[in-house]
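> Got a structure for you, written out below as structure tokens; questions coming shortly.
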Amino acid sequence: MSKYLTYKKDSNLENAHRFKKLMDIVQGILSTKNPKQITILDIGSGDGQFMKFIKKESSEKINFRFIGIDKYVTDKSFDFELKNCNIEEGIDITDGSVDIVIAGEIIEHLKNTDYFIQEVHRVLKNDGDLIITTPNLAGYMNRLLLLFGYQPYHAEVSEVESGFGNGIIAKVLGRPMYGNKTAGHLRLFTYRALFDFVNYYGFKIQKYYPIYYSGFREDNKRIFLIKIAFFIDKYLSIIFPKMANGMIFHLKLKEK
């Protein structure tokens, strides 16, 4: 995987379901907006693949303004406003000017999550929408790992190797125990922690969606076992959504 996350229609990565659900949410929001001018801010945009896909799948009548923030990227997959800045140092965007903010797998990488959410609040229009996706520290898989003394899957203790403490996952999936790239996770949320966090900073939840696994890493060898695990994971996530391995929060500003 690259250092940033992008959506591909034929993707077989573990994040495929998450991006499909994100697209469904965005399209639902767009149906409620004035198509004359829609400003979308994608934080951690990479080269803009997800925004490009939104444009491709949306009505040609919508006049989009796409803004991407990613301090690591210079190349763009299409023509959008790319800001190479550090999100923790502020967002160089006018107050109340953005219709939709997308923060896909970003908040867990930030040290100053408080300033981040305050800046998002500032740039959103009064009727704007925020979509946050992040791993779930209290997901059922992490609960099982902790029960048997292993490290939670998304909780990294090293900048070199992400597999320390949860190598049993590599054994089960038939992939190398070491050589797993770190993601740089600093802040891990449970459903309750993220609920309280966004509520404190003036957001209300429109809808919560569980995320389940839906794709394969290329180095996973036990494909049949993984397919069974995906099937179980999907229905456990539907039955116990707050214990899913990932979370999507669709938020709006509280009335002032």
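Each chain in the structure tokens gets a letter, A, B and so on, in the order shown; residues start at 1 in every chain, and ligands are counted from 1 in the order they appear.
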Considering only C-alpha atoms, tabulate each residue of segment 160-212 of chain A that lies at most 10 Å from segment 240-248 of chain A along with its nearest interatomic pair and the corresponding distance in Å to one decimal; arrange the rows by chain and ascending residue number and present them as a Markdown table.


| residue | atom | partner | partner_atom | distance |
| --- | --- | --- | --- | --- |
| A:Phe189 | CA | A:Met247 | CA | 9.4 |
| A:Thr190 | CA | A:Lys242 | CA | 8.3 |
| A:Tyr191 | CA | A:Lys242 | CA | 6.1 |
| A:Arg192 | CA | A:Lys242 | CA | 8.7 |
| A:Leu194 | CA | A:Met247 | CA | 9.6 |
| A:Lys207 | CA | A:Ile248 | CA | 8.3 |
| A:Tyr208 | CA | A:Ile248 | CA | 5.8 |
| A:Tyr209 | CA | A:Ile248 | CA | 5.0 |
| A:Pro210 | CA | A:Met247 | CA | 4.9 |
| A:Ile211 | CA | A:Gly246 | CA | 4.5 |
| A:Tyr212 | CA | A:Asn245 | CA | 6.2 |

> Could the residues in this selection be saved with N, CA and C atoms as a PDB file, in the first residue's frame?


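See result-v5.pdb below for the written result:
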ATOM      1  N   PHE A 189      -9.650   5.415  19.019  1.00  0.00           N
ATOM      2  CA  PHE A 189     -10.947   5.725  19.607  1.00  0.00           C
ATOM      3  C   PHE A 189     -11.803   4.469  19.723  1.00  0.00           C
ATOM      4  N   THR A 190     -12.598   4.426  20.778  1.00  0.00           N
ATOM      5  CA  THR A 190     -13.756   3.541  20.825  1.00  0.00           C
ATOM      6  C   THR A 190     -14.953   4.328  20.305  1.00  0.00           C
ATOM      7  N   TYR A 191     -16.069   3.642  20.091  1.00  0.00           N
ATOM      8  CA  TYR A 191     -17.282   4.345  19.673  1.00  0.00           C
ATOM      9  C   TYR A 191     -17.640   5.423  20.691  1.00  0.00           C
ATOM     10  N   ARG A 192     -17.632   5.066  21.962  1.00  0.00           N
ATOM     11  CA  ARG A 192     -18.031   6.018  23.008  1.00  0.00           C
ATOM     12  C   ARG A 192     -17.084   7.210  23.069  1.00  0.00           C
ATOM     13  N   LEU A 194     -15.223   8.530  20.630  1.00  0.00           N
ATOM     14  CA  LEU A 194     -15.411   9.417  19.479  1.00  0.00           C
ATOM     15  C   LEU A 194     -16.744  10.147  19.585  1.00  0.00           C
ATOM     16  N   LYS A 207     -25.519   9.760  11.443  1.00  0.00           N
ATOM     17  CA  LYS A 207     -25.589   8.317  11.223  1.00  0.00           C
ATOM     18  C   LYS A 207     -24.233   7.704  11.557  1.00  0.00           C
ATOM     19  N   TYR A 208     -24.283   6.515  12.108  1.00  0.00           N
ATOM     20  CA  TYR A 208     -23.069   5.741  12.378  1.00  0.00           C
ATOM     21  C   TYR A 208     -23.099   4.480  11.530  1.00  0.00           C
ATOM     22  N   TYR A 209     -21.950   4.121  10.951  1.00  0.00           N
ATOM     23  CA  TYR A 209     -21.851   2.928  10.120  1.00  0.00           C
ATOM     24  C   TYR A 209     -20.673   2.078  10.594  1.00  0.00           C
ATOM     25  N   PRO A 210     -20.874   0.787  10.788  1.00  0.00           N
ATOM     26  CA  PRO A 210     -19.741  -0.098  11.081  1.00  0.00           C
ATOM     27  C   PRO A 210     -18.973  -0.418   9.804  1.00  0.00           C
ATOM     28  N   ILE A 211     -17.685  -0.655   9.947  1.00  0.00           N
ATOM     29  CA  ILE A 211     -16.840  -1.044   8.818  1.00  0.00           C
ATOM     30  C   ILE A 211     -16.381  -2.482   9.030  1.00  0.00           C
ATOM     31  N   TYR A 212     -16.532  -3.302   8.020  1.00  0.00           N
ATOM     32  CA  TYR A 212     -16.036  -4.669   8.102  1.00  0.00           C
ATOM     33  C   TYR A 212     -14.999  -4.893   7.002  1.00  0.00           C
TER      34      TYR A 212
END

> What's the 7 Å shell around segment 35-50 of chain A, counting only C-alpha atoms, without same-chain residues fewer than 3 positions away, as a ChimeraX atom specification?

/A:4-7,53-54,61-70,73,75-78,98-103,106

> How would the residues just chosen look if you wrote them out with C-alpha atoms as an mmCIF file, in the first residue's frame?


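Saved the output as selection_26.cif:
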data_model
loop_
_atom_site.group_PDB
_atom_site.id
_atom_site.type_symbol
_atom_site.label_atom_id
_atom_site.label_comp_id
_atom_site.auth_asym_id
_atom_site.auth_seq_id
_atom_site.Cartn_x
_atom_site.Cartn_y
_atom_site.Cartn_z
ATOM 1 C CA TYR A 4 -1.711 7.569 1.478
ATOM 2 C CA LEU A 5 -5.056 5.900 0.949
ATOM 3 C CA THR A 6 -6.836 6.136 -2.369
ATOM 4 C CA TYR A 7 -9.944 4.458 -3.713
ATOM 5 C CA PHE A 53 -14.271 9.277 -8.223
ATOM 6 C CA ILE A 54 -16.906 11.492 -6.578
ATOM 7 C CA LYS A 61 -25.046 19.563 -13.128
ATOM 8 C CA ILE A 62 -23.116 19.887 -9.869
ATOM 9 C CA ASN A 63 -20.516 22.654 -9.821
ATOM 10 C CA PHE A 64 -17.777 21.215 -7.611
ATOM 11 C CA ARG A 65 -14.874 22.890 -5.901
ATOM 12 C CA PHE A 66 -12.491 20.185 -4.678
ATOM 13 C CA ILE A 67 -9.808 20.927 -2.073
ATOM 14 C CA GLY A 68 -7.318 18.326 -0.918
ATOM 15 C CA ILE A 69 -4.897 18.509 1.995
ATOM 16 C CA ASP A 70 -1.874 16.223 2.002
ATOM 17 C CA VAL A 73 1.842 14.610 -2.209
ATOM 18 C CA ASP A 75 1.209 14.837 -8.143
ATOM 19 C CA LYS A 76 -2.538 15.137 -8.765
ATOM 20 C CA SER A 77 -4.834 12.618 -10.452
ATOM 21 C CA PHE A 78 -7.070 15.445 -11.722
ATOM 22 C CA VAL A 98 -17.030 24.087 3.006
ATOM 23 C CA ASP A 99 -20.064 21.875 2.378
ATOM 24 C CA ILE A 100 -18.503 18.455 3.030
ATOM 25 C CA VAL A 101 -15.332 17.554 4.926
ATOM 26 C CA ILE A 102 -13.987 14.025 4.488
ATOM 27 C CA ALA A 103 -11.461 12.786 7.059
ATOM 28 C CA ILE A 106 -6.838 10.644 9.555
#

> Between atom CA of Lys83 of chain A and atom CA of Ser58 of chain A, what is the spacing in Å?

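Atom-to-atom, atom CA of Ser58 of chain A to atom CA of Lys83 of chain A, that is 23.6 Å.
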
> Which residues are close to Arg175 of chain A, i.e. within 7 Å by only C-alpha atoms, leaving aside same-chain residues fewer than 2 positions away? Reply as a PDB file with C-alpha atoms, in the first residue's frame.


ATOM      1  CA  ALA A 170       0.097 -13.057  10.690  1.00  0.00           C
ATOM      2  CA  LYS A 171       0.220 -16.741  11.635  1.00  0.00           C
ATOM      3  CA  LEU A 173      -3.521 -15.371   7.771  1.00  0.00           C
ATOM      4  CA  MET A 177       5.135 -11.891  11.035  1.00  0.00           C
ATOM      5  CA  ASP A 219       0.747 -11.495   1.230  1.00  0.00           C
ATOM      6  CA  ASN A 220      -2.212 -13.247   2.878  1.00  0.00           C
ATOM      7  CA  LYS A 221      -1.968 -16.930   1.929  1.00  0.00           C
TER       8      LYS A 221
END

> Name all residues at most 9 Å from His250 of chain A (count only C-alpha atoms; drop same-chain ones fewer than 2 positions away) and give them as a ChimeraX atom specification.

/A:25,129-133,204-209,248,252

> May I have the residues from that selection written out with N, CA and C atoms, as an mmCIF file, in the first residue's frame?


data_model
loop_
_atom_site.group_PDB
_atom_site.id
_atom_site.type_symbol
_atom_site.label_atom_id
_atom_site.label_comp_id
_atom_site.auth_asym_id
_atom_site.auth_seq_id
_atom_site.Cartn_x
_atom_site.Cartn_y
_atom_site.Cartn_z
ATOM 1 N N ILE A 25 -22.391 7.544 1.244
ATOM 2 C CA ILE A 25 -22.734 8.638 2.157
ATOM 3 C C ILE A 25 -22.630 9.978 1.444
ATOM 4 N N ASP A 129 -21.450 19.032 6.359
ATOM 5 C CA ASP A 129 -21.363 17.647 6.805
ATOM 6 C C ASP A 129 -19.906 17.238 6.974
ATOM 7 N N LEU A 130 -19.638 16.490 8.030
ATOM 8 C CA LEU A 130 -18.311 15.935 8.286
ATOM 9 C C LEU A 130 -18.413 14.416 8.321
ATOM 10 N N ILE A 131 -17.510 13.747 7.597
ATOM 11 C CA ILE A 131 -17.453 12.299 7.612
ATOM 12 C C ILE A 131 -16.083 11.889 8.152
ATOM 13 N N ILE A 132 -16.095 11.154 9.257
ATOM 14 C CA ILE A 132 -14.865 10.660 9.870
ATOM 15 C C ILE A 132 -14.862 9.138 9.831
ATOM 16 N N THR A 133 -13.770 8.544 9.362
ATOM 17 C CA THR A 133 -13.592 7.107 9.485
ATOM 18 C C THR A 133 -12.325 6.851 10.293
ATOM 19 N N LYS A 204 -23.165 16.858 16.052
ATOM 20 C CA LYS A 204 -24.170 15.842 16.355
ATOM 21 C C LYS A 204 -24.077 14.731 15.309
ATOM 22 N N ILE A 205 -24.400 13.528 15.719
ATOM 23 C CA ILE A 205 -24.303 12.386 14.822
ATOM 24 C C ILE A 205 -25.560 12.263 13.974
ATOM 25 N N GLN A 206 -25.369 12.252 12.661
ATOM 26 C CA GLN A 206 -26.460 11.965 11.738
ATOM 27 C C GLN A 206 -26.647 10.460 11.584
ATOM 28 N N LYS A 207 -25.519 9.760 11.443
ATOM 29 C CA LYS A 207 -25.589 8.317 11.223
ATOM 30 C C LYS A 207 -24.233 7.704 11.557
ATOM 31 N N TYR A 208 -24.283 6.515 12.108
ATOM 32 C CA TYR A 208 -23.069 5.741 12.378
ATOM 33 C C TYR A 208 -23.099 4.480 11.530
ATOM 34 N N TYR A 209 -21.950 4.121 10.951
ATOM 35 C CA TYR A 209 -21.851 2.928 10.120
ATOM 36 C C TYR A 209 -20.673 2.078 10.594
ATOM 37 N N ILE A 248 -17.482 4.597 10.847
ATOM 38 C CA ILE A 248 -17.733 5.808 10.066
ATOM 39 C C ILE A 248 -18.774 6.636 10.794
ATOM 40 N N LYS A 252 -22.962 16.449 11.700
ATOM 41 C CA LYS A 252 -23.338 17.806 11.320
ATOM 42 C C LYS A 252 -23.122 18.701 12.520
#

> Can you list, as a list in words, all residues belonging to segment 67-115 of chain A that DSSP tags as helix (DSSP H, G or I)?

Ile87, Glu88, Glu89, Ile107, Glu108, His109, Thr113, Asp114 and Tyr115 of chain A

> Please determine, counting only C-alpha atoms, which residue among A:Phe197, A:Phe224, A:Tyr213, A:Tyr235 has the shortest atom-to-atom distance to Phe19 of chain A.

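Result for the nearest residue to Phe19 of chain A: A:Tyr213.
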
> Any idea what the distance is between atom CA of Gly28 of chain A and atom CA of Leu124 of chain A?

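Taking atom CA of Gly28 of chain A and atom CA of Leu124 of chain A, their separation equals 17.7 Å.
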
> Tell me which of A:Ile93, A:Cys85, A:Leu146, A:Leu188 sits closest to Leu110 of chain A, counting only C-alpha atoms.

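Among the listed residues, the smallest separation from Leu110 of chain A belongs to A:Leu188.
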
> Excluding Phe116 of chain A and its own-chain neighbours fewer than 5 positions away, which residues fall within 9 Å of it when counting only C-alpha atoms? Please give them as a list of chain:residue names.

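Skipping anything fewer than 5 positions along the chain leaves A:Ile87, A:Glu88, A:Glu89, A:Gly90, A:Ile91, A:Ile107, A:Leu110, A:His121.
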
> How would the residues just chosen look if you wrote them out with N, CA and C atoms as an mmCIF file, in the first residue's frame?


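Listing of result.cif after writing:
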data_model
loop_
_atom_site.group_PDB
_atom_site.id
_atom_site.type_symbol
_atom_site.label_atom_id
_atom_site.label_comp_id
_atom_site.auth_asym_id
_atom_site.auth_seq_id
_atom_site.Cartn_x
_atom_site.Cartn_y
_atom_site.Cartn_z
ATOM 1 N N ILE A 87 -2.014 19.511 8.772
ATOM 2 C CA ILE A 87 -3.365 19.759 9.263
ATOM 3 C C ILE A 87 -3.367 20.200 10.722
ATOM 4 N N GLU A 88 -2.328 19.797 11.488
ATOM 5 C CA GLU A 88 -2.273 20.159 12.903
ATOM 6 C C GLU A 88 -1.800 21.590 13.121
ATOM 7 N N GLU A 89 -1.425 22.262 12.028
ATOM 8 C CA GLU A 89 -1.030 23.670 12.123
ATOM 9 C C GLU A 89 -2.108 24.596 11.578
ATOM 10 N N GLY A 90 -3.267 24.031 11.248
ATOM 11 C CA GLY A 90 -4.389 24.840 10.789
ATOM 12 C C GLY A 90 -4.755 24.577 9.342
ATOM 13 N N ILE A 91 -5.958 24.997 8.974
ATOM 14 C CA ILE A 91 -6.467 24.822 7.618
ATOM 15 C C ILE A 91 -6.604 26.201 6.976
ATOM 16 N N ILE A 107 -7.793 10.928 11.771
ATOM 17 C CA ILE A 107 -7.773 11.412 13.149
ATOM 18 C C ILE A 107 -6.889 10.565 14.053
ATOM 19 N N LEU A 110 -3.184 11.861 14.363
ATOM 20 C CA LEU A 110 -2.917 13.212 14.844
ATOM 21 C C LEU A 110 -2.616 13.247 16.337
ATOM 22 N N HIS A 121 -14.626 22.410 12.358
ATOM 23 C CA HIS A 121 -15.839 23.129 12.767
ATOM 24 C C HIS A 121 -15.845 24.531 12.163
#

> Rank A:Ile29, A:Leu22, A:Leu147, A:Leu253 by their smallest atom-to-atom distance to Val120 of chain A, using only C-alpha atoms, and report the top residue only.

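Residue with the minimum atom-to-atom distance to Val120 of chain A: A:Leu253.
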
> From segment 75-213 of chain A, collect each residue whose DSSP state is strand (DSSP E) and return the set as a PyMOL selection string.

chain A and resi 81-83+98-104+124-135+203-211

> For a quick check of understanding, using only C-alpha atoms, which of A:Val198, A:Ala193, A:Ala155, A:Ile232 has the smallest distance to Lys254 of chain A?

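When distances to Lys254 of chain A are compared using only C-alpha atoms, the smallest one comes from A:Val198.
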
> Kindly indicate which residue among A:Asn199, A:Glu156, A:Lys55, A:Asn84 lies nearest to Asn180 of chain A, using only C-alpha atoms for the distances.

A:Glu156
